[in-house]
Amino acid sequence: MTSRIIKTISRTIIPFIFLFGAYMILFGHISPGGGFQGGVIVSMGIILAVVAYGEDIIERYKSEITLVEILGVAFFIFAGLIGIFVGKSFFSSFNAIWLLNIIIGVKVCSGIVLFYMLFIRWEYIDND
Amino acid sequence: MKKNMLFNLFVLLVLGFFGFIVIISTQLSYSTDLTSIISTYYVENFSFTGALNIVVAILLDFRAYDTLGEILVIFVTISGISLLIGRKDDF
């Protein structure tokens, strides 16, 4: 499944994918992009690493990724509650769209990686 | 078969009638114009949200509930997939 070409090219290109995804997340409020798209791009970099180097490099972090996924939902709801604490309504404007973008980006990234890890297992089972 | 279809059509008409009543009564109770358009409000006032990107301003400020539902959809989907094809020692 993997070859030396895939390993070399992915080792070169993965830092640029991470950089582009981080740019999309962090600059989502002043340029085209956003948390969801940036999270998907970062997760594509992780999936490319798993394709090239095998799923053993990500398998040991599975419980941490699941924890990030669950905490992302909780932090998004808490960020909505900030609007109540400053005297406005739920999810009202508090000039922190970058915060919501970062939360959504991290959460979507971990979610797509979890999707991939749950489905790729059956591919290896069929090949063995 | 024929009678069942007629009954379904009757149910559809009744539900549509009540939905129409709800929509009309809601709009009249807020005394809004039924033909008013809200999208021009977004275009003119999205700058006070702190974003220069109008798409992000609508997604994360005016329609933040929609984004919350979108996030919960992914979360529930991952929970269902883990339930169906996950191993017991996974998570």
# chains A, B, ... in the order shown; residues from 1 in each chain; ligands from 1
$ interface_residues --of "chain A" --to "chain B" --cutoff "6 Å" --atoms "only C-alpha atoms" --output "count of residues only"
6
$ atom_distance --atom1 "CA of Gly28 (chain A)" --atom2 "CA of Leu118 (chain A)"
29.2 Å
$ residues_around --residues "Gly83 (chain A)" --least-positions-apart "4" --cutoff "12 Å" --atoms "only C-alpha atoms" --output "list in words"
Phe76, Ile77, Phe78, Ala79, Gly87, Lys88, Ser89, Phe90, Phe91, Ser92, Ser93, Phe94, Asn95 and Ala96 of chain A; Asp61 and Ala64 of chain B
$ closest_residue --among "A:Arg60, A:Arg11, A:Arg4, A:Lys107" --to "Ile25 (chain A)" --atoms "only C-alpha atoms"
A:Lys107
$ select_by_dssp --residues "chain A" --states "alpha helix (DSSP H)" --output "number ranges by chain"
A: 4-26, 35-53, 56-59, 62-85, 97-127
$ atom_distance --atom1 "CA of Arg121 (chain A)" --atom2 "CA of Leu71 (chain A)"
24.8 Å
$ closest_residue --among "A:Val40, A:Ile6, A:Val86, A:Ala74" --to "Val106 (chain A)" --atoms "only C-alpha atoms"
A:Val40
$ residues_around --residues "region 52-56 of chain A" --least-positions-apart "5" --cutoff "12 Å" --atoms "only C-alpha atoms" --output "list in words"
Met1, Thr2, Ser3, Arg4, Ile5, Ile6, Lys7, Thr8, Ile9, Ser10, Arg11, Thr12, Ile13, Ile14, Gly45, Ile46, Ile47, Tyr61, Lys62, Val113, Leu114, Tyr116, Met117, Leu118, Phe119, Ile120, Arg121, Glu123 and Tyr124 of chain A
$ write_last_selection --atoms "N, CA and C atoms" --output "JSON list (two decimals), in the first residue's frame"
[["chain", "number", "residue", "atom", "x", "y", "z"],
["A", 1, "MET", "N", 0.83, -1.20, 0.00],
["A", 1, "MET", "CA", 0.00, 0.00, 0.00],
["A", 1, "MET", "C", 0.87, 1.26, 0.00],
["A", 2, "THR", "N", 1.92, 1.25, 0.78],
["A", 2, "THR", "CA", 2.81, 2.40, 0.79],
["A", 2, "THR", "C", 4.06, 2.09, -0.02],
["A", 3, "SER", "N", 4.66, 3.14, -0.53],
["A", 3, "SER", "CA", 5.92, 2.96, -1.26],
["A", 3, "SER", "C", 6.87, 4.09, -0.85],
["A", 4, "ARG", "N", 8.08, 4.04, -1.38],
["A", 4, "ARG", "CA", 9.05, 5.07, -1.02],
["A", 4, "ARG", "C", 8.65, 6.43, -1.59],
["A", 5, "ILE", "N", 7.97, 6.42, -2.74],
["A", 5, "ILE", "CA", 7.53, 7.68, -3.35],
["A", 5, "ILE", "C", 6.52, 8.36, -2.44],
["A", 6, "ILE", "N", 5.52, 7.61, -1.97],
["A", 6, "ILE", "CA", 4.48, 8.20, -1.12],
["A", 6, "ILE", "C", 5.09, 8.72, 0.17],
["A", 7, "LYS", "N", 6.04, 7.95, 0.74],
["A", 7, "LYS", "CA", 6.64, 8.41, 2.00],
["A", 7, "LYS", "C", 7.41, 9.70, 1.81],
["A", 8, "THR", "N", 8.19, 9.79, 0.74],
["A", 8, "THR", "CA", 9.01, 10.99, 0.53],
["A", 8, "THR", "C", 8.14, 12.21, 0.25],
["A", 9, "ILE", "N", 7.18, 12.04, -0.66],
["A", 9, "ILE", "CA", 6.33, 13.19, -1.03],
["A", 9, "ILE", "C", 5.50, 13.65, 0.15],
["A", 10, "SER", "N", 4.95, 12.71, 0.94],
["A", 10, "SER", "CA", 4.10, 13.12, 2.06],
["A", 10, "SER", "C", 4.94, 13.77, 3.15],
["A", 11, "ARG", "N", 6.18, 13.30, 3.33],
["A", 11, "ARG", "CA", 7.04, 13.94, 4.33],
["A", 11, "ARG", "C", 7.35, 15.38, 3.95],
["A", 12, "THR", "N", 7.42, 15.65, 2.64],
["A", 12, "THR", "CA", 7.67, 17.02, 2.20],
["A", 12, "THR", "C", 6.43, 17.90, 2.29],
["A", 13, "ILE", "N", 5.27, 17.35, 1.98],
["A", 13, "ILE", "CA", 4.09, 18.18, 1.75],
["A", 13, "ILE", "C", 3.23, 18.35, 3.00],
["A", 14, "ILE", "N", 3.39, 17.46, 3.99],
["A", 14, "ILE", "CA", 2.52, 17.52, 5.16],
["A", 14, "ILE", "C", 2.69, 18.81, 5.98],
["A", 45, "GLY", "N", -4.08, 16.26, 6.19],
["A", 45, "GLY", "CA", -2.66, 16.05, 6.41],
["A", 45, "GLY", "C", -2.40, 14.86, 7.31],
["A", 46, "ILE", "N", -3.17, 14.73, 8.37],
["A", 46, "ILE", "CA", -2.99, 13.59, 9.29],
["A", 46, "ILE", "C", -3.31, 12.28, 8.58],
["A", 47, "ILE", "N", -4.40, 12.30, 7.75],
["A", 47, "ILE", "CA", -4.78, 11.08, 7.03],
["A", 47, "ILE", "C", -3.71, 10.70, 6.01],
["A", 61, "TYR", "N", -2.98, 7.35, 20.05],
["A", 61, "TYR", "CA", -3.58, 8.61, 20.51],
["A", 61, "TYR", "C", -5.09, 8.63, 20.35],
["A", 62, "LYS", "N", -5.70, 7.45, 20.18],
["A", 62, "LYS", "CA", -7.12, 7.43, 19.83],
["A", 62, "LYS", "C", -8.00, 7.96, 20.97],
["A", 113, "VAL", "N", -10.59, 12.69, 11.56],
["A", 113, "VAL", "CA", -9.58, 11.66, 11.81],
["A", 113, "VAL", "C", -10.20, 10.43, 12.46],
["A", 114, "LEU", "N", -11.17, 10.66, 13.38],
["A", 114, "LEU", "CA", -11.84, 9.52, 14.01],
["A", 114, "LEU", "C", -12.66, 8.73, 13.00],
["A", 116, "TYR", "N", -11.98, 8.40, 9.85],
["A", 116, "TYR", "CA", -11.03, 7.64, 9.04],
["A", 116, "TYR", "C", -10.49, 6.44, 9.82],
["A", 117, "MET", "N", -10.18, 6.64, 11.10],
["A", 117, "MET", "CA", -9.61, 5.54, 11.87],
["A", 117, "MET", "C", -10.62, 4.45, 12.12],
["A", 118, "LEU", "N", -11.91, 4.83, 12.23],
["A", 118, "LEU", "CA", -12.92, 3.79, 12.44],
["A", 118, "LEU", "C", -13.15, 2.98, 11.18],
["A", 119, "PHE", "N", -13.02, 3.62, 10.00],
["A", 119, "PHE", "CA", -13.32, 2.91, 8.76],
["A", 119, "PHE", "C", -12.11, 2.17, 8.21],
["A", 120, "ILE", "N", -10.87, 2.66, 8.45],
["A", 120, "ILE", "CA", -9.70, 2.08, 7.80],
["A", 120, "ILE", "C", -9.36, 0.72, 8.37],
["A", 121, "ARG", "N", -9.86, 0.41, 9.56],
["A", 121, "ARG", "CA", -9.52, -0.85, 10.20],
["A", 121, "ARG", "C", -10.00, -2.03, 9.37],
["A", 123, "GLU", "N", -10.38, -2.15, 6.19],
["A", 123, "GLU", "CA", -9.53, -2.30, 5.00],
["A", 123, "GLU", "C", -8.35, -3.21, 5.31],
["A", 124, "TYR", "N", -7.68, -2.99, 6.43],
["A", 124, "TYR", "CA", -6.54, -3.84, 6.80],
["A", 124, "TYR", "C", -6.98, -5.26, 7.08]]
